[in-house]
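Containing mmCIF, C-alpha atoms: structure.cif.
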```
data_target
#
loop_
_atom_site.group_PDB
_atom_site.id
_atom_site.type_symbol
_atom_site.label_atom_id
_atom_site.label_comp_id
_atom_site.auth_asym_id
_atom_site.auth_seq_id
_atom_site.Cartn_x
_atom_site.Cartn_y
_atom_site.Cartn_z
ATOM 1 C CA MET A 1 0.000 0.000 0.000
ATOM 2 C CA SER A 2 1.185 3.499 -0.793
ATOM 3 C CA THR A 3 2.464 5.719 1.992
ATOM 4 C CA ARG A 4 0.128 8.445 0.793
ATOM 5 C CA HIS A 5 -2.975 9.475 2.694
ATOM 6 C CA ASN A 6 -5.465 6.850 1.621
ATOM 7 C CA LYS A 7 -9.058 7.771 0.999
ATOM 8 C CA VAL A 8 -11.756 5.454 -0.284
ATOM 9 C CA HIS A 9 -14.656 6.527 -2.472
ATOM 10 C CA PHE A 10 -17.494 4.240 -3.470
ATOM 11 C CA LEU A 11 -19.539 5.586 -6.345
ATOM 12 C CA ASN A 12 -22.708 4.725 -8.199
ATOM 13 C CA THR A 13 -22.382 5.632 -11.857
ATOM 14 C CA SER A 14 -26.134 5.451 -12.318
ATOM 15 C CA ILE A 15 -26.634 8.528 -10.142
ATOM 16 C CA THR A 16 -23.083 9.899 -10.584
ATOM 17 C CA THR A 17 -22.769 10.243 -6.808
ATOM 18 C CA LEU A 18 -20.536 9.062 -3.984
ATOM 19 C CA THR A 19 -22.033 6.379 -1.778
ATOM 20 C CA THR A 20 -21.052 4.342 1.229
ATOM 21 C CA SER A 21 -20.015 0.715 0.802
ATOM 22 C CA ASN A 22 -23.643 -0.340 1.270
ATOM 23 C CA GLY A 23 -24.983 2.064 -1.357
ATOM 24 C CA SER A 24 -26.430 4.835 0.817
ATOM 25 C CA LYS A 25 -25.426 8.450 0.359
ATOM 26 C CA ALA A 26 -21.882 9.219 1.516
ATOM 27 C CA ASP A 27 -20.840 12.059 3.795
ATOM 28 C CA THR A 28 -19.142 15.010 2.127
ATOM 29 C CA PRO A 29 -15.428 14.176 1.818
ATOM 30 C CA ILE A 30 -12.755 16.355 3.430
ATOM 31 C CA TYR A 31 -9.511 17.092 1.580
ATOM 32 C CA PHE A 32 -6.625 19.062 3.088
ATOM 33 C CA TYR A 33 -4.398 21.578 1.385
ATOM 34 C CA LYS A 34 -0.881 20.135 0.869
ATOM 35 C CA ASP A 35 -2.080 16.573 1.463
ATOM 36 C CA ASN A 36 -0.601 13.823 -0.694
ATOM 37 C CA MET A 37 -3.558 11.556 -1.253
ATOM 38 C CA LEU A 38 -4.148 8.203 -2.835
ATOM 39 C CA LEU A 39 -7.805 8.147 -3.832
ATOM 40 C CA ARG A 40 -9.206 4.666 -4.228
ATOM 41 C CA PHE A 41 -12.420 4.402 -6.228
ATOM 42 C CA PHE A 42 -14.899 1.555 -6.293
ATOM 43 C CA VAL A 43 -16.823 2.249 -9.509
ATOM 44 C CA ASN A 44 -20.142 0.446 -9.231
ATOM 45 C CA ASP A 45 -23.386 0.246 -11.140
ATOM 46 C CA ASN A 46 -26.793 0.745 -9.547
ATOM 47 C CA ASN A 47 -26.692 -2.792 -8.114
ATOM 48 C CA GLY A 48 -23.364 -2.257 -6.391
ATOM 49 C CA THR A 49 -21.516 -4.383 -8.923
ATOM 50 C CA GLY A 50 -18.093 -3.203 -10.065
ATOM 51 C CA ILE A 51 -17.906 -2.013 -13.664
ATOM 52 C CA ASP A 52 -15.223 -3.303 -16.015
ATOM 53 C CA LEU A 53 -13.140 -0.251 -16.950
ATOM 54 C CA THR A 54 -10.537 -2.053 -19.040
ATOM 55 C CA ALA A 55 -9.102 0.091 -21.882
ATOM 56 C CA ALA A 56 -10.462 3.306 -20.377
ATOM 57 C CA THR A 57 -8.383 6.356 -19.515
ATOM 58 C CA PHE A 58 -9.176 8.610 -16.583
ATOM 59 C CA GLU A 59 -8.974 12.195 -15.430
ATOM 60 C CA PHE A 60 -9.715 13.584 -11.966
ATOM 61 C CA LYS A 61 -10.277 17.285 -11.415
ATOM 62 C CA ILE A 62 -10.942 19.567 -8.500
ATOM 63 C CA ALA A 63 -12.046 23.178 -8.788
ATOM 64 C CA GLU A 64 -13.634 26.008 -6.851
ATOM 65 C CA SER A 65 -16.834 25.622 -8.867
ATOM 66 C CA TYR A 66 -18.155 23.992 -12.015
ATOM 67 C CA ASN A 67 -17.075 26.611 -14.508
ATOM 68 C CA THR A 68 -13.746 27.793 -13.120
ATOM 69 C CA THR A 69 -10.244 26.688 -14.034
ATOM 70 C CA PRO A 70 -9.463 23.551 -11.983
ATOM 71 C CA PHE A 71 -6.983 23.799 -9.135
ATOM 72 C CA LEU A 72 -5.494 20.596 -10.423
ATOM 73 C CA THR A 73 -6.060 17.931 -13.041
ATOM 74 C CA VAL A 74 -4.834 14.417 -12.367
ATOM 75 C CA SER A 75 -4.081 12.831 -15.714
ATOM 76 C CA ASN A 76 -4.225 9.175 -16.615
ATOM 77 C CA SER A 77 -0.497 8.705 -15.938
ATOM 78 C CA ASP A 78 -1.170 9.258 -12.234
ATOM 79 C CA PHE A 79 -3.757 6.494 -12.127
ATOM 80 C CA ILE A 80 -1.115 3.956 -11.053
ATOM 81 C CA LEU A 81 -2.919 0.789 -10.111
ATOM 82 C CA ALA A 82 0.235 -0.664 -8.528
ATOM 83 C CA ASP A 83 -0.261 1.890 -5.720
ATOM 84 C CA TRP A 84 -3.180 -0.193 -4.469
ATOM 85 C CA VAL A 85 -2.504 -3.883 -4.044
ATOM 86 C CA ASP A 86 -6.206 -4.724 -4.312
ATOM 87 C CA SER A 87 -6.891 -2.647 -7.402
ATOM 88 C CA ASN A 88 -8.739 -4.488 -10.152
ATOM 89 C CA ILE A 89 -9.746 -2.565 -13.228
ATOM 90 C CA THR A 90 -12.128 -5.305 -14.387
ATOM 91 C CA LEU A 91 -14.082 -4.820 -11.142
ATOM 92 C CA GLY A 92 -13.983 -1.021 -11.240
ATOM 93 C CA LYS A 93 -11.325 -0.717 -8.499
ATOM 94 C CA ILE A 94 -8.960 2.073 -9.544
ATOM 95 C CA CYS A 95 -6.798 4.632 -7.761
ATOM 96 C CA CYS A 96 -4.978 7.873 -8.448
ATOM 97 C CA ARG A 97 -2.377 10.110 -6.842
ATOM 98 C CA VAL A 98 -3.568 13.580 -5.913
ATOM 99 C CA ASP A 99 -1.090 16.233 -4.833
ATOM 100 C CA MET A 100 -2.998 18.941 -2.969
ATOM 101 C CA ASN A 101 0.113 21.114 -2.643
ATOM 102 C CA GLN A 102 -1.070 23.614 -5.242
ATOM 103 C CA ALA A 103 -0.572 27.371 -5.236
ATOM 104 C CA ALA A 104 -4.078 27.835 -6.644
ATOM 105 C CA ILE A 105 -5.533 26.084 -3.601
ATOM 106 C CA SER A 106 -3.544 28.283 -1.257
ATOM 107 C CA THR A 107 -4.760 31.377 -3.091
ATOM 108 C CA TYR A 108 -8.363 30.184 -2.883
ATOM 109 C CA LEU A 109 -8.217 29.351 0.813
ATOM 110 C CA ASN A 110 -6.070 32.326 1.800
ATOM 111 C CA ALA A 111 -6.473 32.591 5.590
ATOM 112 C CA THR A 112 -9.832 30.860 5.895
ATOM 113 C CA GLN A 113 -10.172 27.590 7.752
ATOM 114 C CA GLN A 114 -12.121 25.833 4.999
ATOM 115 C CA LYS A 115 -14.135 26.357 1.829
ATOM 116 C CA ASN A 116 -16.376 24.287 -0.395
ATOM 117 C CA ALA A 117 -15.052 22.907 -3.671
ATOM 118 C CA GLN A 118 -16.025 20.458 -6.395
ATOM 119 C CA ALA A 119 -14.514 17.289 -7.821
ATOM 120 C CA ALA A 120 -15.188 15.123 -10.836
ATOM 121 C CA LEU A 121 -13.870 11.819 -12.149
ATOM 122 C CA TRP A 122 -14.074 11.394 -15.912
ATOM 123 C CA MET A 123 -13.412 8.381 -18.042
ATOM 124 C CA THR A 124 -12.741 8.228 -21.782
ATOM 125 C CA LEU A 125 -13.452 5.022 -23.642
ATOM 126 C CA GLY A 126 -13.735 4.587 -27.383
ATOM 127 C CA GLY A 127 -13.500 8.330 -27.872
ATOM 128 C CA ILE A 128 -16.508 8.983 -25.637
ATOM 129 C CA ASN A 129 -16.273 10.860 -22.349
ATOM 130 C CA TYR A 130 -18.198 9.618 -19.337
ATOM 131 C CA CYS A 131 -18.504 11.452 -16.055
ATOM 132 C CA LEU A 132 -18.246 8.675 -13.462
ATOM 133 C CA VAL A 133 -18.890 10.916 -10.471
ATOM 134 C CA SER A 134 -19.356 14.604 -9.660
ATOM 135 C CA PHE A 135 -19.275 15.556 -5.986
ATOM 136 C CA PRO A 136 -18.720 18.491 -3.633
ATOM 137 C CA PHE A 137 -16.087 18.279 -0.915
ATOM 138 C CA ILE A 138 -14.783 20.383 1.965
ATOM 139 C CA LEU A 139 -11.371 21.860 1.304
ATOM 140 C CA LYS A 140 -9.579 22.488 4.604
ATOM 141 C CA ASN A 141 -6.656 24.741 5.266
ATOM 142 C CA ILE A 142 -3.653 23.823 7.393
ATOM 143 C CA ILE A 143 -1.436 25.756 9.791
ATOM 144 C CA ILE A 144 1.901 26.026 8.086
ATOM 145 C CA MET B 145 -20.418 -0.040 -22.200
ATOM 146 C CA SER B 146 -23.855 1.130 -21.112
ATOM 147 C CA LEU B 147 -22.915 3.892 -18.686
ATOM 148 C CA ASN B 148 -24.564 6.599 -20.719
ATOM 149 C CA THR B 149 -27.686 4.673 -21.623
ATOM 150 C CA LYS B 150 -30.989 5.487 -19.956
ATOM 151 C CA ASN B 151 -33.902 3.088 -20.181
ATOM 152 C CA ILE B 152 -37.358 4.571 -19.758
ATOM 153 C CA THR B 153 -40.911 3.407 -20.206
ATOM 154 C CA ILE B 154 -43.499 5.838 -21.546
ATOM 155 C CA ASP B 155 -47.204 5.843 -20.813
ATOM 156 C CA ALA B 156 -48.500 7.333 -24.077
ATOM 157 C CA ASP B 157 -51.911 7.978 -22.528
ATOM 158 C CA ARG B 158 -50.492 10.373 -19.921
ATOM 159 C CA ALA B 159 -47.282 11.333 -21.751
ATOM 160 C CA THR B 160 -45.250 10.460 -18.691
ATOM 161 C CA THR B 161 -42.685 7.920 -17.565
ATOM 162 C CA ILE B 162 -43.791 4.828 -15.692
ATOM 163 C CA VAL B 163 -42.574 1.559 -14.373
ATOM 164 C CA ALA B 164 -44.883 -1.064 -15.832
ATOM 165 C CA PRO B 165 -46.850 -2.971 -14.720
ATOM 166 C CA ASN B 166 -47.575 -1.464 -11.279
ATOM 167 C CA ASN B 167 -47.944 2.109 -12.582
ATOM 168 C CA ALA B 168 -45.310 3.459 -10.230
ATOM 169 C CA VAL B 169 -43.886 6.750 -11.419
ATOM 170 C CA LEU B 170 -40.144 6.754 -12.011
ATOM 171 C CA GLN B 171 -37.738 9.021 -10.249
ATOM 172 C CA PRO B 172 -36.781 11.912 -12.533
ATOM 173 C CA ILE B 173 -34.380 10.873 -15.225
ATOM 174 C CA SER B 174 -30.963 12.382 -14.519
ATOM 175 C CA PHE B 175 -28.220 13.586 -16.814
ATOM 176 C CA VAL B 176 -24.747 14.963 -16.125
ATOM 177 C CA ARG B 177 -23.851 18.211 -17.852
ATOM 178 C CA GLY B 178 -21.341 17.584 -20.624
ATOM 179 C CA ASN B 179 -22.295 13.970 -21.241
ATOM 180 C CA GLU B 180 -24.079 12.457 -24.219
ATOM 181 C CA TYR B 181 -26.745 9.840 -23.610
ATOM 182 C CA ILE B 182 -28.794 7.371 -25.532
ATOM 183 C CA VAL B 183 -32.302 7.278 -24.080
ATOM 184 C CA LEU B 184 -34.108 4.065 -24.903
ATOM 185 C CA ALA B 185 -37.882 4.187 -24.598
ATOM 186 C CA ASN B 186 -40.595 1.556 -24.758
ATOM 187 C CA VAL B 187 -43.924 3.279 -25.472
ATOM 188 C CA TYR B 188 -46.992 1.602 -24.005
ATOM 189 C CA SER B 189 -50.596 2.597 -24.675
ATOM 190 C CA ASN B 190 -51.261 3.191 -20.973
ATOM 191 C CA ALA B 191 -49.757 2.513 -17.604
ATOM 192 C CA SER B 192 -51.327 -0.896 -17.081
ATOM 193 C CA SER B 193 -50.808 -2.156 -20.604
ATOM 194 C CA THR B 194 -48.042 -4.239 -22.078
ATOM 195 C CA GLU B 195 -49.151 -3.205 -25.566
ATOM 196 C CA LEU B 196 -46.470 -1.241 -27.410
ATOM 197 C CA VAL B 197 -47.785 1.665 -29.472
ATOM 198 C CA PRO B 198 -46.945 1.791 -33.196
ATOM 199 C CA LEU B 199 -45.632 5.268 -33.998
ATOM 200 C CA SER B 200 -44.808 4.889 -37.681
ATOM 201 C CA ILE B 201 -47.332 7.565 -38.739
ATOM 202 C CA TYR B 202 -45.003 10.128 -37.136
ATOM 203 C CA ASP B 203 -42.066 11.155 -39.243
ATOM 204 C CA ASN B 204 -40.640 13.967 -37.159
ATOM 205 C CA PHE B 205 -39.324 13.794 -33.595
ATOM 206 C CA GLU B 206 -38.269 16.672 -31.338
ATOM 207 C CA LEU B 207 -36.726 16.496 -27.885
ATOM 208 C CA ILE B 208 -36.711 19.634 -25.767
ATOM 209 C CA ILE B 209 -35.239 20.278 -22.314
ATOM 210 C CA GLY B 210 -36.070 23.610 -20.720
ATOM 211 C CA ARG B 211 -36.853 25.248 -17.406
ATOM 212 C CA THR B 212 -39.472 27.785 -18.316
ATOM 213 C CA TYR B 213 -42.650 27.871 -20.355
ATOM 214 C CA ASN B 214 -41.890 31.401 -21.541
ATOM 215 C CA PRO B 215 -42.304 31.104 -25.345
ATOM 216 C CA SER B 216 -39.421 33.502 -25.943
ATOM 217 C CA ALA B 217 -36.966 31.549 -23.785
ATOM 218 C CA THR B 218 -34.296 29.354 -25.380
ATOM 219 C CA PRO B 219 -34.422 25.680 -24.359
ATOM 220 C CA VAL B 220 -31.215 24.381 -22.851
ATOM 221 C CA THR B 221 -31.417 21.425 -25.219
ATOM 222 C CA LEU B 222 -33.330 21.210 -28.495
ATOM 223 C CA ILE B 223 -32.845 18.196 -30.735
ATOM 224 C CA THR B 224 -34.512 18.254 -34.141
ATOM 225 C CA ASP B 225 -31.880 16.363 -36.177
ATOM 226 C CA GLN B 226 -33.790 13.215 -37.116
ATOM 227 C CA SER B 227 -30.566 11.157 -37.266
ATOM 228 C CA LYS B 228 -30.478 11.431 -33.458
ATOM 229 C CA PHE B 229 -33.734 9.489 -33.204
ATOM 230 C CA ASN B 230 -34.290 5.767 -33.668
ATOM 231 C CA ASN B 231 -30.867 5.212 -35.126
ATOM 232 C CA VAL B 232 -30.169 1.478 -35.290
ATOM 233 C CA THR B 233 -26.468 2.203 -34.880
ATOM 234 C CA ASP B 234 -27.269 3.593 -31.436
ATOM 235 C CA TYR B 235 -29.781 0.862 -30.648
ATOM 236 C CA PRO B 236 -30.257 -2.056 -33.040
ATOM 237 C CA GLN B 237 -33.665 -2.851 -31.550
ATOM 238 C CA ALA B 238 -35.049 0.622 -32.285
ATOM 239 C CA ASN B 239 -38.263 0.225 -34.245
ATOM 240 C CA VAL B 240 -40.735 3.090 -34.527
ATOM 241 C CA ALA B 241 -43.416 0.804 -35.900
ATOM 242 C CA SER B 242 -43.176 -1.261 -32.730
ATOM 243 C CA GLY B 243 -42.994 1.644 -30.271
ATOM 244 C CA ILE B 244 -39.344 1.077 -29.364
ATOM 245 C CA LEU B 245 -37.433 4.332 -29.640
ATOM 246 C CA SER B 246 -33.933 5.656 -29.161
ATOM 247 C CA MET B 247 -32.962 9.283 -28.681
ATOM 248 C CA ARG B 248 -29.384 10.575 -28.598
ATOM 249 C CA VAL B 249 -29.219 13.490 -26.175
ATOM 250 C CA ASN B 250 -26.204 15.743 -25.734
ATOM 251 C CA VAL B 251 -26.456 17.624 -22.445
ATOM 252 C CA GLY B 252 -23.738 20.195 -22.875
ATOM 253 C CA SER B 253 -25.048 23.317 -24.532
ATOM 254 C CA ASN B 254 -23.848 26.810 -23.732
ATOM 255 C CA ALA B 255 -27.426 27.695 -22.844
ATOM 256 C CA LEU B 256 -27.445 24.960 -20.210
ATOM 257 C CA THR B 257 -24.084 26.044 -18.816
ATOM 258 C CA THR B 258 -25.401 29.573 -18.442
ATOM 259 C CA ASP B 259 -28.692 28.488 -16.967
ATOM 260 C CA ILE B 260 -27.372 26.019 -14.399
ATOM 261 C CA GLY B 261 -24.570 28.361 -13.314
ATOM 262 C CA ASN B 262 -22.892 27.074 -10.167
ATOM 263 C CA ASN B 263 -25.846 25.066 -8.893
ATOM 264 C CA THR B 264 -25.101 21.482 -7.921
ATOM 265 C CA SER B 265 -28.079 20.311 -9.944
ATOM 266 C CA GLN B 266 -31.229 21.745 -11.406
ATOM 267 C CA SER B 267 -34.635 20.408 -12.377
ATOM 268 C CA TYR B 268 -35.869 20.782 -15.950
ATOM 269 C CA THR B 269 -38.831 19.729 -18.033
ATOM 270 C CA MET B 270 -38.106 17.273 -20.823
ATOM 271 C CA GLU B 271 -40.570 16.880 -23.677
ATOM 272 C CA VAL B 272 -40.710 14.649 -26.736
ATOM 273 C CA ILE B 273 -43.046 15.869 -29.467
ATOM 274 C CA LEU B 274 -44.014 13.878 -32.556
ATOM 275 C CA THR B 275 -45.338 15.298 -35.812
ATOM 276 C CA ASN B 276 -47.050 13.329 -38.582
ATOM 277 C CA ASN B 277 -46.854 14.023 -42.288
ATOM 278 C CA VAL B 278 -49.889 16.307 -42.271
ATOM 279 C CA GLY B 279 -48.576 18.445 -39.425
ATOM 280 C CA GLY B 280 -50.459 16.853 -36.565
ATOM 281 C CA LYS B 281 -48.503 17.030 -33.313
ATOM 282 C CA VAL B 282 -48.701 14.870 -30.220
ATOM 283 C CA MET B 283 -46.910 15.159 -26.900
ATOM 284 C CA LEU B 284 -45.323 11.758 -26.365
ATOM 285 C CA LEU B 285 -43.460 12.587 -23.169
ATOM 286 C CA ASP B 286 -43.647 15.439 -20.676
ATOM 287 C CA THR B 287 -41.514 14.659 -17.652
ATOM 288 C CA THR B 288 -38.985 16.033 -15.174
ATOM 289 C CA ALA B 289 -35.274 15.674 -15.825
ATOM 290 C CA THR B 290 -32.576 16.452 -13.283
ATOM 291 C CA ILE B 291 -29.301 17.759 -14.666
ATOM 292 C CA ILE B 292 -26.283 17.294 -12.384
ATOM 293 C CA ASN B 293 -23.562 19.897 -12.695
ATOM 294 C CA CYS B 294 -19.968 18.813 -13.213
ATOM 295 C CA ILE B 295 -16.460 20.163 -13.770
ATOM 296 C CA GLN B 296 -15.914 19.568 -17.469
ATOM 297 C CA ILE B 297 -13.256 17.260 -18.851
#
```
Encoded form (structure tokens):
Amino acid sequence: MSTRHNKVHFLNTSITTLTTSNGSKADTPIYFYKDNMLLRFFVNDNNGTGIDLTAATFEFKIAESYNTTPFLTVSNSDFILADWVDSNITLGKICCRVDMNQAAISTYLNATQQKNAQAALWMTLGGINYCLVSFPFILKNIII
Amino acid sequence: MSLNTKNITIDADRATTIVAPNNAVLQPISFVRGNEYIVLANVYSNASSTELVPLSIYDNFELIIGRTYNPSATPVTLITDQSKFNNVTDYPQANVASGILSMRVNVGSNALTTDIGNNTSQSYTMEVILTNNVGGKVMLLDTTATIINCIQI
């Protein structure tokens, strides 16, 4: 397992929303400025069954809001399945590295304790883009 | 891959979506802004029927998604290109004569982006209108659609 800060997200692609492991609505995630995270995604259909994502490429983005320039974009090269020993792309179990040490995040937070932000996980397969999940999260500041 | 496929059942009598055979009304169909969907629809004569409705007398389909009934307002989605409807490439089983329809819906217009702004999601009205070769129009579907906002790829 990676030494990064592990976070687990279950998601239901039918409603494009984060869930708990039993399918109910998940609490709003908390991400910290400067955190080095390994996000682990369980990509499930409406029945809780993992979706085969073989041959897909991925992109994860976080931003202040839906129509602003993202603070960061995690490209497919940072979806390194070897980071998670139990990853299995045929069962929708994927992971990505997210480096929250971004100047744009610092500028956004300034001296506030926390602010709301948005995240989205996209997949491209066969030239078609699919939004796997779109969710709000709490972006927390740290004392430096 | 069926991630962007939506299956619906239409009660032609009430121009609404149903779950046959117990007449339960579906939750609003949901779309994510920026995605393209294929909506597959079985059209039944009424909520308690398993009889599919032949629609071959209609030669023009329109799909409209909007938030206001103001006649001067621009819909956030308006699909009139007939190649987007009942295309067997999208859905080999599509058959207008048998009441089995497909509709390719792109939910990413500038009008939608402006209208939804920074809201997490927003409720819209989705309509499907059919026209026959003498200009007669029928409302096939009048339902609620939820559009979920998303950071774009």
Q | Interface residues on chain A facing chain B, 7 Å, all atoms listed in the file, written as a VMD selection string | A | chain A and resid 65 to 67 119 to 120 122 129 to 131 134
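Against the coordinates shown, the PyMOL selection byres ((chain A and resi 72) around 7) returns Lys61, Ile62, Pro70, Phe71, Thr73 and Val74 of chain A.
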Q. Could you spell out the hits of the PyMOL selection byres ((chain A and resi 135-137) around 7) on the shown file, as a VMD selection string?
A. chain A and resid 17 to 18 28 to 30 116 to 120 133 to 134 138 to 139
**Q.** Distance of atom CA of Lys25 of chain A from atom CA of Phe41 of chain A, expressed in Å to one decimal place
**A.**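 Between atom CA of Phe41 of chain A and atom CA of Lys25 of chain A the gap works out to 15.1 Å.
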Find the axis-aligned box for segment 76-79 of chain A, covering all its listed atoms and adding 4 Å on each side, and write its centre and edge lengths in Å to one decimal as AutoDock Vina command-line options.
```
--center_x -2.4 --center_y 7.9 --center_z -14.4 --size_x 11.7 --size_y 10.8 --size_z 12.5
```
To verify the selection step, state as an mmCIF file with C-alpha atoms, in the frame of the given file which residues the PyMOL selection byres ((chain B and resi 198) around 10) yields on this input.
```cif
data_model
loop_
_atom_site.group_PDB
_atom_site.id
_atom_site.type_symbol
_atom_site.label_atom_id
_atom_site.label_comp_id
_atom_site.auth_asym_id
_atom_site.auth_seq_id
_atom_site.Cartn_x
_atom_site.Cartn_y
_atom_site.Cartn_z
ATOM 1 C CA VAL B 187 -43.924 3.279 -25.472
ATOM 2 C CA TYR B 188 -46.992 1.602 -24.005
ATOM 3 C CA SER B 189 -50.596 2.597 -24.675
ATOM 4 C CA GLU B 195 -49.151 -3.205 -25.566
ATOM 5 C CA LEU B 196 -46.470 -1.241 -27.410
ATOM 6 C CA VAL B 197 -47.785 1.665 -29.472
ATOM 7 C CA LEU B 199 -45.632 5.268 -33.998
ATOM 8 C CA SER B 200 -44.808 4.889 -37.681
ATOM 9 C CA ILE B 201 -47.332 7.565 -38.739
ATOM 10 C CA TYR B 202 -45.003 10.128 -37.136
ATOM 11 C CA ASN B 239 -38.263 0.225 -34.245
ATOM 12 C CA VAL B 240 -40.735 3.090 -34.527
ATOM 13 C CA ALA B 241 -43.416 0.804 -35.900
ATOM 14 C CA SER B 242 -43.176 -1.261 -32.730
ATOM 15 C CA GLY B 243 -42.994 1.644 -30.271
ATOM 16 C CA ILE B 244 -39.344 1.077 -29.364
#
```
Q.
as JSON, numbers by chain, please: the residues near segment 270-283 of chain B (cut-off 12 Å, all atoms listed in the file, same-chain neighbours under 5 positions excluded).
A. {"B": [154, 155, 156, 157, 158, 159, 160, 161, 172, 173, 174, 175, 183, 185, 187, 199, 200, 201, 202, 203, 204, 205, 206, 207, 208, 209, 210, 211, 212, 213, 219, 220, 221, 222, 223, 224, 226, 229, 240, 245, 246, 247, 249, 251, 288, 289, 290, 291]}
Q) Within 7 Å of Thr57 of chain A, counting all atoms listed in the file, which residues qualify if same-chain residues fewer than 5 places away don't, as a list in words? A)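 Neighbouring residues, sequence-local ones excluded: Asn76, Met123, Thr124 and Leu125 of chain A.
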(Q) Please report the interatomic distance between atom CA of Ile128 of chain A and atom CA of Gly23 of chain A in Å with one decimal. (A)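 Interatomic distance, atom CA of Ile128 of chain A to atom CA of Gly23 of chain A: 26.6 Å.
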Q.
Please list as an NGL selection string every residue within 12 Å of Asp99 of chain A, counting only C-alpha atoms and excluding residues in the same chain fewer than 2 positions away.
A. :A and (4-5 or 31-39 or 60-62 or 71-75 or 78 or 96-97 or 101-103 or 105)
Q.
I'd like the interatomic distance between atom CA of Asp27 of chain A and atom CA of Thr112 of chain A, to a tenth of an Å.
A.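 According to the coordinates, atom CA of Asp27 of chain A and atom CA of Thr112 of chain A are separated by 21.9 Å.
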Q | Protein/DNA/RNA residues near (-22.4, 6.8, -7.5), cut 10 Å, all atoms listed in the file, as a count of residues only | A | 26
Render segment 30-41 of chain A from the structure in the preceding block as a file of N, CA, C and O atoms, as a JSON list (two decimals), in the first residue's frame.
```json
[["chain", "number", "residue", "atom", "x", "y", "z"],
["A", 30, "ILE", "N", -13.62, 15.25, 2.99],
["A", 30, "ILE", "CA", -12.75, 16.36, 3.43],
["A", 30, "ILE", "C", -11.37, 16.13, 2.83],
["A", 30, "ILE", "O", -10.78, 15.06, 3.01],
["A", 31, "TYR", "N", -10.88, 17.12, 2.10],
["A", 31, "TYR", "CA", -9.51, 17.09, 1.58],
["A", 31, "TYR", "C", -8.74, 18.26, 2.20],
["A", 31, "TYR", "O", -9.29, 19.36, 2.36],
["A", 32, "PHE", "N", -7.47, 18.02, 2.49],
["A", 32, "PHE", "CA", -6.63, 19.06, 3.09],
["A", 32, "PHE", "C", -5.64, 19.62, 2.08],
["A", 32, "PHE", "O", -5.05, 18.86, 1.29],
["A", 33, "TYR", "N", -5.46, 20.92, 2.14],
["A", 33, "TYR", "CA", -4.40, 21.58, 1.38],
["A", 33, "TYR", "C", -3.06, 20.92, 1.73],
["A", 33, "TYR", "O", -2.80, 20.60, 2.88],
["A", 34, "LYS", "N", -2.23, 20.71, 0.76],
["A", 34, "LYS", "CA", -0.88, 20.13, 0.87],
["A", 34, "LYS", "C", -0.87, 18.62, 1.11],
["A", 34, "LYS", "O", 0.20, 18.02, 1.22],
["A", 35, "ASP", "N", -2.04, 18.01, 1.21],
["A", 35, "ASP", "CA", -2.08, 16.57, 1.46],
["A", 35, "ASP", "C", -1.66, 15.80, 0.21],
["A", 35, "ASP", "O", -2.03, 16.18, -0.91],
["A", 36, "ASN", "N", -0.92, 14.75, 0.39],
["A", 36, "ASN", "CA", -0.60, 13.82, -0.69],
["A", 36, "ASN", "C", -1.53, 12.63, -0.55],
["A", 36, "ASN", "O", -1.34, 11.79, 0.32],
["A", 37, "MET", "N", -2.51, 12.56, -1.43],
["A", 37, "MET", "CA", -3.56, 11.56, -1.25],
["A", 37, "MET", "C", -3.43, 10.45, -2.29],
["A", 37, "MET", "O", -2.97, 10.66, -3.42],
["A", 38, "LEU", "N", -3.88, 9.27, -1.88],
["A", 38, "LEU", "CA", -4.15, 8.20, -2.84],
["A", 38, "LEU", "C", -5.66, 7.97, -2.76],
["A", 38, "LEU", "O", -6.16, 7.49, -1.74],
["A", 39, "LEU", "N", -6.36, 8.36, -3.80],
["A", 39, "LEU", "CA", -7.80, 8.15, -3.83],
["A", 39, "LEU", "C", -8.09, 6.79, -4.45],
["A", 39, "LEU", "O", -7.63, 6.49, -5.56],
["A", 40, "ARG", "N", -8.83, 5.98, -3.71],
["A", 40, "ARG", "CA", -9.21, 4.67, -4.23],
["A", 40, "ARG", "C", -10.70, 4.70, -4.56],
["A", 40, "ARG", "O", -11.52, 5.06, -3.70],
["A", 41, "PHE", "N", -11.03, 4.36, -5.78],
["A", 41, "PHE", "CA", -12.42, 4.40, -6.23],
["A", 41, "PHE", "C", -12.95, 2.99, -6.47],
["A", 41, "PHE", "O", -12.30, 2.18, -7.12]]
```
